[in-house]
file run.cif (mmCIF, C-alpha atoms; chains and numbers go by the auth columns)
data_upload
loop_
_atom_site.group_PDB
_atom_site.id
_atom_site.type_symbol
_atom_site.label_atom_id
_atom_site.label_comp_id
_atom_site.label_asym_id
_atom_site.label_seq_id
_atom_site.Cartn_x
_atom_site.Cartn_y
_atom_site.Cartn_z
_atom_site.B_iso_or_equiv
_atom_site.auth_seq_id
_atom_site.auth_asym_id
ATOM 1 C CA MET A 1 22.057 5.209 -3.258 0.00 1 A
ATOM 2 C CA THR A 2 19.118 2.860 -3.889 0.00 2 A
ATOM 3 C CA THR A 3 19.972 -0.758 -4.649 0.00 3 A
ATOM 4 C CA ALA A 4 17.891 -3.222 -6.676 0.00 4 A
ATOM 5 C CA THR A 5 17.056 -5.022 -3.429 0.00 5 A
ATOM 6 C CA ASP A 6 16.053 -1.900 -1.499 0.00 6 A
ATOM 7 C CA GLN A 7 13.083 -0.751 -3.542 0.00 7 A
ATOM 8 C CA ILE A 8 9.998 -2.053 -5.337 0.00 8 A
ATOM 9 C CA GLN A 9 8.324 0.190 -7.872 0.00 9 A
ATOM 10 C CA LYS A 10 5.104 -0.325 -9.839 0.00 10 A
ATOM 11 C CA ILE A 11 3.796 2.128 -12.433 0.00 11 A
ATOM 12 C CA ILE A 12 0.401 2.114 -14.115 0.00 12 A
ATOM 13 C CA VAL A 13 -1.710 4.561 -16.086 0.00 13 A
ATOM 14 C CA LEU A 14 -5.222 4.269 -14.717 0.00 14 A
ATOM 15 C CA ASN A 15 -8.238 5.042 -16.877 0.00 15 A
ATOM 16 C CA ALA A 16 -9.729 7.331 -14.234 0.00 16 A
ATOM 17 C CA PRO A 17 -9.752 11.036 -13.429 0.00 17 A
ATOM 18 C CA HIS A 18 -6.914 12.340 -11.271 0.00 18 A
ATOM 19 C CA GLU A 19 -9.307 13.316 -8.447 0.00 19 A
ATOM 20 C CA ARG A 20 -10.882 9.856 -8.317 0.00 20 A
ATOM 21 C CA VAL A 21 -7.485 8.142 -8.135 0.00 21 A
ATOM 22 C CA TRP A 22 -6.454 10.601 -5.412 0.00 22 A
ATOM 23 C CA ARG A 23 -9.483 9.685 -3.295 0.00 23 A
ATOM 24 C CA ALA A 24 -8.790 5.971 -3.807 0.00 24 A
ATOM 25 C CA ILE A 25 -5.279 6.299 -2.385 0.00 25 A
ATOM 26 C CA SER A 26 -5.710 9.054 0.215 0.00 26 A
ATOM 27 C CA ASP A 27 -9.053 8.202 1.855 0.00 27 A
ATOM 28 C CA ALA A 28 -8.617 5.390 4.392 0.00 28 A
ATOM 29 C CA THR A 29 -12.021 3.859 3.656 0.00 29 A
ATOM 30 C CA GLN A 30 -11.548 3.808 -0.114 0.00 30 A
ATOM 31 C CA PHE A 31 -7.942 2.639 0.190 0.00 31 A
ATOM 32 C CA GLY A 32 -9.115 -0.198 2.396 0.00 32 A
ATOM 33 C CA LYS A 33 -11.741 -1.332 -0.085 0.00 33 A
ATOM 34 C CA TRP A 34 -9.313 -2.018 -2.927 0.00 34 A
ATOM 35 C CA PHE A 35 -6.259 -2.882 -0.819 0.00 35 A
ATOM 36 C CA GLY A 36 -8.127 -5.200 1.526 0.00 36 A
ATOM 37 C CA ILE A 37 -7.593 -3.560 4.903 0.00 37 A
ATOM 38 C CA ARG A 38 -9.837 -1.887 7.485 0.00 38 A
ATOM 39 C CA PHE A 39 -8.280 1.081 9.269 0.00 39 A
ATOM 40 C CA ASP A 40 -9.132 2.419 12.726 0.00 40 A
ATOM 41 C CA GLY A 41 -8.629 6.034 11.709 0.00 41 A
ATOM 42 C CA ALA A 42 -8.158 8.538 8.921 0.00 42 A
ATOM 43 C CA PHE A 43 -5.013 9.220 6.936 0.00 43 A
ATOM 44 C CA VAL A 44 -3.519 12.313 8.595 0.00 44 A
ATOM 45 C CA PRO A 45 0.196 13.229 8.423 0.00 45 A
ATOM 46 C CA GLY A 46 1.973 12.010 11.540 0.00 46 A
ATOM 47 C CA ALA A 47 -0.876 9.717 12.588 0.00 47 A
ATOM 48 C CA ALA A 48 -0.169 6.207 13.793 0.00 48 A
ATOM 49 C CA ILE A 49 -3.112 4.022 12.826 0.00 49 A
ATOM 50 C CA ALA A 50 -3.830 0.322 12.904 0.00 50 A
ATOM 51 C CA GLY A 51 -5.308 -1.733 10.139 0.00 51 A
ATOM 52 C CA LYS A 52 -6.657 -5.259 9.866 0.00 52 A
ATOM 53 C CA LEU A 53 -6.470 -7.306 6.714 0.00 53 A
ATOM 54 C CA THR A 54 -9.826 -7.927 5.070 0.00 54 A
ATOM 55 C CA ARG A 55 -10.834 -9.058 1.635 0.00 55 A
ATOM 56 C CA SER A 56 -10.502 -6.526 -1.178 0.00 56 A
ATOM 57 C CA VAL A 57 -13.815 -5.764 -2.865 0.00 57 A
ATOM 58 C CA VAL A 58 -12.188 -6.673 -6.198 0.00 58 A
ATOM 59 C CA ASP A 59 -10.166 -9.752 -5.175 0.00 59 A
ATOM 60 C CA PRO A 60 -11.583 -12.853 -6.877 0.00 60 A
ATOM 61 C CA ASP A 61 -9.780 -15.200 -4.466 0.00 61 A
ATOM 62 C CA PRO A 62 -11.391 -16.509 -1.275 0.00 62 A
ATOM 63 C CA PRO A 63 -10.355 -14.899 2.020 0.00 63 A
ATOM 64 C CA GLY A 64 -6.762 -15.718 2.880 0.00 64 A
ATOM 65 C CA LYS A 65 -5.232 -17.152 6.010 0.00 65 A
ATOM 66 C CA TYR A 66 -4.095 -13.686 7.119 0.00 66 A
ATOM 67 C CA GLU A 67 -7.573 -12.138 7.149 0.00 67 A
ATOM 68 C CA GLY A 68 -8.012 -10.186 10.389 0.00 68 A
ATOM 69 C CA PHE A 69 -4.246 -9.827 10.904 0.00 69 A
ATOM 70 C CA ALA A 70 -3.260 -6.404 12.294 0.00 70 A
ATOM 71 C CA PHE A 71 -0.700 -3.963 10.901 0.00 71 A
ATOM 72 C CA ASP A 72 0.603 -0.657 12.222 0.00 72 A
ATOM 73 C CA PHE A 73 0.909 2.295 9.858 0.00 73 A
ATOM 74 C CA LYS A 74 2.512 5.683 10.299 0.00 74 A
ATOM 75 C CA ILE A 75 1.204 8.249 7.859 0.00 75 A
ATOM 76 C CA GLU A 76 4.187 10.245 6.657 0.00 76 A
ATOM 77 C CA HIS A 77 3.203 12.794 4.061 0.00 77 A
ATOM 78 C CA ILE A 78 0.133 13.980 2.206 0.00 78 A
ATOM 79 C CA GLU A 79 0.490 16.457 -0.632 0.00 79 A
ATOM 80 C CA PRO A 80 -3.066 16.759 -2.002 0.00 80 A
ATOM 81 C CA MET A 81 -3.608 15.423 -5.502 0.00 81 A
ATOM 82 C CA ARG A 82 0.074 14.467 -5.843 0.00 82 A
ATOM 83 C CA LEU A 83 1.629 12.344 -3.085 0.00 83 A
ATOM 84 C CA PHE A 84 0.626 10.090 -0.201 0.00 84 A
ATOM 85 C CA SER A 85 3.079 8.058 1.864 0.00 85 A
ATOM 86 C CA TYR A 86 3.160 5.851 4.921 0.00 86 A
ATOM 87 C CA ARG A 87 5.526 3.557 6.790 0.00 87 A
ATOM 88 C CA TRP A 88 4.854 -0.023 7.834 0.00 88 A
ATOM 89 C CA HIS A 89 6.584 -3.264 8.728 0.00 89 A
ATOM 90 C CA PRO A 90 6.624 -5.302 5.517 0.00 90 A
ATOM 91 C CA CYS A 91 5.494 -8.911 5.607 0.00 91 A
ATOM 92 C CA ALA A 92 5.137 -8.790 9.403 0.00 92 A
ATOM 93 C CA LEU A 93 2.825 -11.793 9.524 0.00 93 A
ATOM 94 C CA ASP A 94 4.110 -13.973 12.369 0.00 94 A
ATOM 95 C CA PRO A 95 1.911 -13.343 15.447 0.00 95 A
ATOM 96 C CA ASN A 96 4.735 -14.621 17.667 0.00 96 A
ATOM 97 C CA VAL A 97 7.210 -11.924 16.566 0.00 97 A
ATOM 98 C CA ASP A 98 7.364 -8.351 17.857 0.00 98 A
ATOM 99 C CA TYR A 99 8.304 -6.232 14.833 0.00 99 A
ATOM 100 C CA SER A 100 8.084 -2.897 16.643 0.00 100 A
ATOM 101 C CA SER A 101 11.853 -2.475 17.011 0.00 101 A
ATOM 102 C CA GLU A 102 12.519 -3.138 13.313 0.00 102 A
ATOM 103 C CA PRO A 103 12.831 -0.337 10.784 0.00 103 A
ATOM 104 C CA MET A 104 9.741 0.308 8.662 0.00 104 A
ATOM 105 C CA THR A 105 9.706 0.613 4.898 0.00 105 A
ATOM 106 C CA LEU A 106 8.316 3.718 3.211 0.00 106 A
ATOM 107 C CA VAL A 107 5.432 3.308 0.739 0.00 107 A
ATOM 108 C CA THR A 108 4.833 6.262 -1.564 0.00 108 A
ATOM 109 C CA PHE A 109 1.991 6.815 -4.023 0.00 109 A
ATOM 110 C CA GLU A 110 2.639 9.542 -6.595 0.00 110 A
ATOM 111 C CA LEU A 111 0.115 10.827 -9.130 0.00 111 A
ATOM 112 C CA GLU A 112 0.661 12.596 -12.435 0.00 112 A
ATOM 113 C CA ASP A 113 -1.681 13.459 -15.268 0.00 113 A
ATOM 114 C CA ALA A 114 -1.152 11.182 -18.250 0.00 114 A
ATOM 115 C CA ALA A 115 -2.641 10.621 -21.681 0.00 115 A
ATOM 116 C CA GLY A 116 -5.695 8.455 -21.135 0.00 116 A
ATOM 117 C CA GLY A 117 -5.934 8.943 -17.389 0.00 117 A
ATOM 118 C CA THR A 118 -3.744 9.217 -14.320 0.00 118 A
ATOM 119 C CA LYS A 119 -0.258 7.808 -13.871 0.00 119 A
ATOM 120 C CA LEU A 120 0.220 6.131 -10.486 0.00 120 A
ATOM 121 C CA THR A 121 3.699 5.261 -9.256 0.00 121 A
ATOM 122 C CA ILE A 122 3.889 3.096 -6.132 0.00 122 A
ATOM 123 C CA THR A 123 7.311 2.802 -4.532 0.00 123 A
ATOM 124 C CA GLU A 124 8.212 0.853 -1.413 0.00 124 A
ATOM 125 C CA SER A 125 11.750 1.490 -0.209 0.00 125 A
ATOM 126 C CA GLY A 126 13.921 0.634 2.747 0.00 126 A
ATOM 127 C CA PHE A 127 14.188 -3.139 2.413 0.00 127 A
ATOM 128 C CA ASP A 128 17.963 -3.050 2.876 0.00 128 A
ATOM 129 C CA SER A 129 17.387 -1.951 6.485 0.00 129 A
ATOM 130 C CA ILE A 130 15.107 -4.923 7.289 0.00 130 A
ATOM 131 C CA PRO A 131 16.854 -7.627 9.350 0.00 131 A
ATOM 132 C CA LEU A 132 18.750 -9.978 7.071 0.00 132 A
ATOM 133 C CA GLU A 133 16.775 -13.053 8.145 0.00 133 A
ATOM 134 C CA ARG A 134 13.531 -11.434 6.878 0.00 134 A
ATOM 135 C CA ARG A 135 14.761 -9.198 4.076 0.00 135 A
ATOM 136 C CA VAL A 136 14.508 -11.489 1.041 0.00 136 A
ATOM 137 C CA ALA A 137 11.136 -12.950 2.036 0.00 137 A
ATOM 138 C CA ALA A 138 9.693 -9.480 2.720 0.00 138 A
ATOM 139 C CA PHE A 139 10.986 -8.130 -0.585 0.00 139 A
ATOM 140 C CA GLN A 140 9.642 -11.073 -2.591 0.00 140 A
ATOM 141 C CA ALA A 141 6.263 -11.100 -0.843 0.00 141 A
ATOM 142 C CA ASN A 142 5.753 -7.368 -1.265 0.00 142 A
ATOM 143 C CA SER A 143 6.928 -7.381 -4.869 0.00 143 A
ATOM 144 C CA GLY A 144 4.188 -9.879 -5.688 0.00 144 A
ATOM 145 C CA GLY A 145 1.776 -8.078 -3.398 0.00 145 A
ATOM 146 C CA TRP A 146 2.233 -4.747 -5.165 0.00 146 A
ATOM 147 C CA THR A 147 1.655 -6.477 -8.505 0.00 147 A
ATOM 148 C CA ASP A 148 -1.703 -7.636 -7.129 0.00 148 A
ATOM 149 C CA GLN A 149 -2.499 -4.233 -5.616 0.00 149 A
ATOM 150 C CA VAL A 150 -1.920 -2.433 -8.926 0.00 150 A
ATOM 151 C CA GLU A 151 -4.460 -4.801 -10.472 0.00 151 A
ATOM 152 C CA PHE A 152 -6.864 -4.263 -7.555 0.00 152 A
ATOM 153 C CA ILE A 153 -6.825 -0.465 -7.754 0.00 153 A
ATOM 154 C CA GLU A 154 -7.362 -0.642 -11.505 0.00 154 A
ATOM 155 C CA LYS A 155 -10.410 -2.911 -11.010 0.00 155 A
ATOM 156 C CA TYR A 156 -11.681 -0.732 -8.142 0.00 156 A
ATOM 157 C CA LEU A 157 -11.517 2.400 -10.262 0.00 157 A
ATOM 158 C CA ALA A 158 -13.468 0.634 -13.015 0.00 158 A
ATOM 159 C CA LEU A 159 -16.413 0.239 -10.595 0.00 159 A
ATOM 160 C CA PRO A 160 -19.023 3.017 -10.365 0.00 160 A
ATOM 161 C CA PRO A 161 -17.904 5.663 -7.816 0.00 161 A
ATOM 162 C CA ALA A 162 -19.120 4.976 -4.295 0.00 162 A
#
call {"tool": "encode", "arguments": {"input": "run.cif", "output": "structure tokens"}}
result
Amino acid sequence: MTTATDQIQKIIVLNAPHERVWRAISDATQFGKWFGIRFDGAFVPGAAIAGKLTRSVVDPDPPGKYEGFAFDFKIEHIEPMRLFSYRWHPCALDPNVDYSSEPMTLVTFELEDAAGGTKLTITESGFDSIPLERRVAAFQANSGGWTDQVEFIEKYLALPPA
């Protein structure tokens, strides 16, 4: 059973073709441009890749204090044109803490055709397994973060294709 504190979900209909949205979420370089992260490898199921926070190409704010901070990702599943998912340690931003023994949350991007474009559903689940001392802060930070990311991908897709 999923609780209200275990999962964040954001849904948007993007004014872009299904294939273009798919590339924006499933290609590491494109994902990094709108999300604001530079990856050291491609998105391949089962791959463990590292990423460093950068500035999103559509973020109007100046670079943040976490720019250059590293994250570990484990690519879970890729179902072309429909689903992409990965695991990560949410809000793991303290350089003095080793998060490697903590459970990771699962982030899933699902695509569907929709009137006027492509429906994107982003779900991050597994917060209830995060250590209690970090759980609320991670949930709140990522809830706001996904709100920003939905806006970023929408702005990215409004740019001419790269």
call {"tool": "residues_around", "arguments": {"input": "run.cif", "residues": "Ala24 in chain A", "least_positions_apart": "6", "cutoff": "9 Å", "atoms": "all atoms listed in the file", "output": "ChimeraX atom specification"}}
result
/A:30-34,153,156-157
call {"tool": "residues_around", "arguments": {"input": "run.cif", "residues": "range 98-109 of chain A", "least_positions_apart": "2", "cutoff": "6 Å", "atoms": "only C-alpha atoms", "output": "list in words"}}
result
Leu83, Phe84, Ser85, Tyr86, Arg87, Trp88, His89, Thr121, Ile122, Thr123, Glu124, Ser125 and Gly126 of chain A
call {"tool": "write_last_selection", "arguments": {"input": "run.cif", "atoms": "C-alpha atoms", "output": "short mmCIF file (atom, residue, chain, number, x, y, z; two decimals), keeping the file's coordinate frame"}}
result
data_model
loop_
_atom_site.label_atom_id
_atom_site.label_comp_id
_atom_site.auth_asym_id
_atom_site.auth_seq_id
_atom_site.Cartn_x
_atom_site.Cartn_y
_atom_site.Cartn_z
CA LEU A 83 1.63 12.34 -3.08
CA PHE A 84 0.63 10.09 -0.20
CA SER A 85 3.08 8.06 1.86
CA TYR A 86 3.16 5.85 4.92
CA ARG A 87 5.53 3.56 6.79
CA TRP A 88 4.85 -0.02 7.83
CA HIS A 89 6.58 -3.26 8.73
CA THR A 121 3.70 5.26 -9.26
CA ILE A 122 3.89 3.10 -6.13
CA THR A 123 7.31 2.80 -4.53
CA GLU A 124 8.21 0.85 -1.41
CA SER A 125 11.75 1.49 -0.21
CA GLY A 126 13.92 0.63 2.75
#
call {"tool": "closest_residue", "arguments": {"input": "run.cif", "among": "A:Ala70, A:Ala42, A:Ala114, A:Met81", "to": "Leu93 in chain A", "atoms": "all atoms listed in the file"}}
result
A:Ala70
call {"tool": "residues_near_point", "arguments": {"input": "run.cif", "point": "(3.4, 13.6, 8.9)", "cutoff": "8 Å", "atoms": "only C-alpha atoms", "output": "JSON list (two decimals) with C-alpha atoms, in the coordinates of the input"}}
result
[["chain", "number", "residue", "atom", "x", "y", "z"],
["A", 44, "VAL", "CA", -3.52, 12.31, 8.60],
["A", 45, "PRO", "CA", 0.20, 13.23, 8.42],
["A", 46, "GLY", "CA", 1.97, 12.01, 11.54],
["A", 47, "ALA", "CA", -0.88, 9.72, 12.59],
["A", 75, "ILE", "CA", 1.20, 8.25, 7.86],
["A", 76, "GLU", "CA", 4.19, 10.24, 6.66],
["A", 77, "HIS", "CA", 3.20, 12.79, 4.06],
["A", 78, "ILE", "CA", 0.13, 13.98, 2.21]]
call {"tool": "closest_residue", "arguments": {"input": "run.cif", "among": "A:Trp22, A:Phe69, A:Phe39, A:Phe127", "to": "Asp6 in chain A", "atoms": "all atoms listed in the file"}}
result
A:Phe127
call {"tool": "axis_aligned_box", "arguments": {"input": "run.cif", "around": "range 85-94 of chain A", "padding_each_side": "4 Å", "output": "lines of an AutoDock Vina configuration file"}}
result
center_x = 4.7
center_y = -3.0
center_z = 7.1
size_x = 11.8
size_y = 30.0
size_z = 18.5
call {"tool": "closest_residue", "arguments": {"input": "run.cif", "among": "A:Asp40, A:Asp72, A:Glu110, A:Asp61", "to": "Ser26 in chain A", "atoms": "only C-alpha atoms"}}
result
A:Glu110
call {"tool": "resolve_selection", "arguments": {"input": "run.cif", "expression": "the PyMOL selection byres ((chain A and resi 57) around 10)", "output": "list in words"}}
result
Gly32, Lys33, Trp34, Phe35, Gly36, Thr54, Arg55, Ser56, Val58, Asp59, Pro60, Phe152, Lys155 and Tyr156 of chain A
call {"tool": "resolve_selection", "arguments": {"input": "run.cif", "expression": "the PyMOL selection byres ((chain A and resi 17) around 10)", "output": "PDB file with C-alpha atoms, in the coordinates of the input"}}
result
ATOM      1  CA  LEU A  14      -5.222   4.269 -14.717  1.00  0.00           C
ATOM      2  CA  ASN A  15      -8.238   5.042 -16.877  1.00  0.00           C
ATOM      3  CA  ALA A  16      -9.729   7.331 -14.234  1.00  0.00           C
ATOM      4  CA  HIS A  18      -6.914  12.340 -11.271  1.00  0.00           C
ATOM      5  CA  GLU A  19      -9.307  13.316  -8.447  1.00  0.00           C
ATOM      6  CA  ARG A  20     -10.882   9.856  -8.317  1.00  0.00           C
ATOM      7  CA  VAL A  21      -7.485   8.142  -8.135  1.00  0.00           C
ATOM      8  CA  TRP A  22      -6.454  10.601  -5.412  1.00  0.00           C
ATOM      9  CA  ASP A 113      -1.681  13.459 -15.268  1.00  0.00           C
ATOM     10  CA  ALA A 114      -1.152  11.182 -18.250  1.00  0.00           C
ATOM     11  CA  GLY A 116      -5.695   8.455 -21.135  1.00  0.00           C
ATOM     12  CA  GLY A 117      -5.934   8.943 -17.389  1.00  0.00           C
ATOM     13  CA  THR A 118      -3.744   9.217 -14.320  1.00  0.00           C
ATOM     14  CA  LEU A 157     -11.517   2.400 -10.262  1.00  0.00           C
TER      15      LEU A 157
END
call {"tool": "closest_residue", "arguments": {"input": "run.cif", "among": "A:Ala50, A:Ala162, A:Ile11, A:Lys119", "to": "Phe73 in chain A", "atoms": "only C-alpha atoms"}}
result
A:Ala50
call {"tool": "atom_distance", "arguments": {"input": "run.cif", "atom1": "CA of Arg135 in chain A", "atom2": "CA of Gln7 in chain A"}}
result
11.5 Å
call {"tool": "atom_distance", "arguments": {"input": "run.cif", "atom1": "CA of Ala92 in chain A", "atom2": "CA of Ala28 in chain A"}}
result
20.4 Å
call {"tool": "atom_distance", "arguments": {"input": "run.cif", "atom1": "CA of Glu133 in chain A", "atom2": "CA of Pro95 in chain A"}}
result
16.6 Å
call {"tool": "closest_residue", "arguments": {"input": "run.cif", "among": "A:Ile8, A:Arg23, A:Leu111, A:Cys91", "to": "Ile130 in chain A", "atoms": "only C-alpha atoms"}}
result
A:Cys91
call {"tool": "closest_residue", "arguments": {"input": "run.cif", "among": "A:Gly68, A:Gln149, A:Lys74, A:Asp94", "to": "Leu120 in chain A", "atoms": "all atoms listed in the file"}}
result
A:Gln149
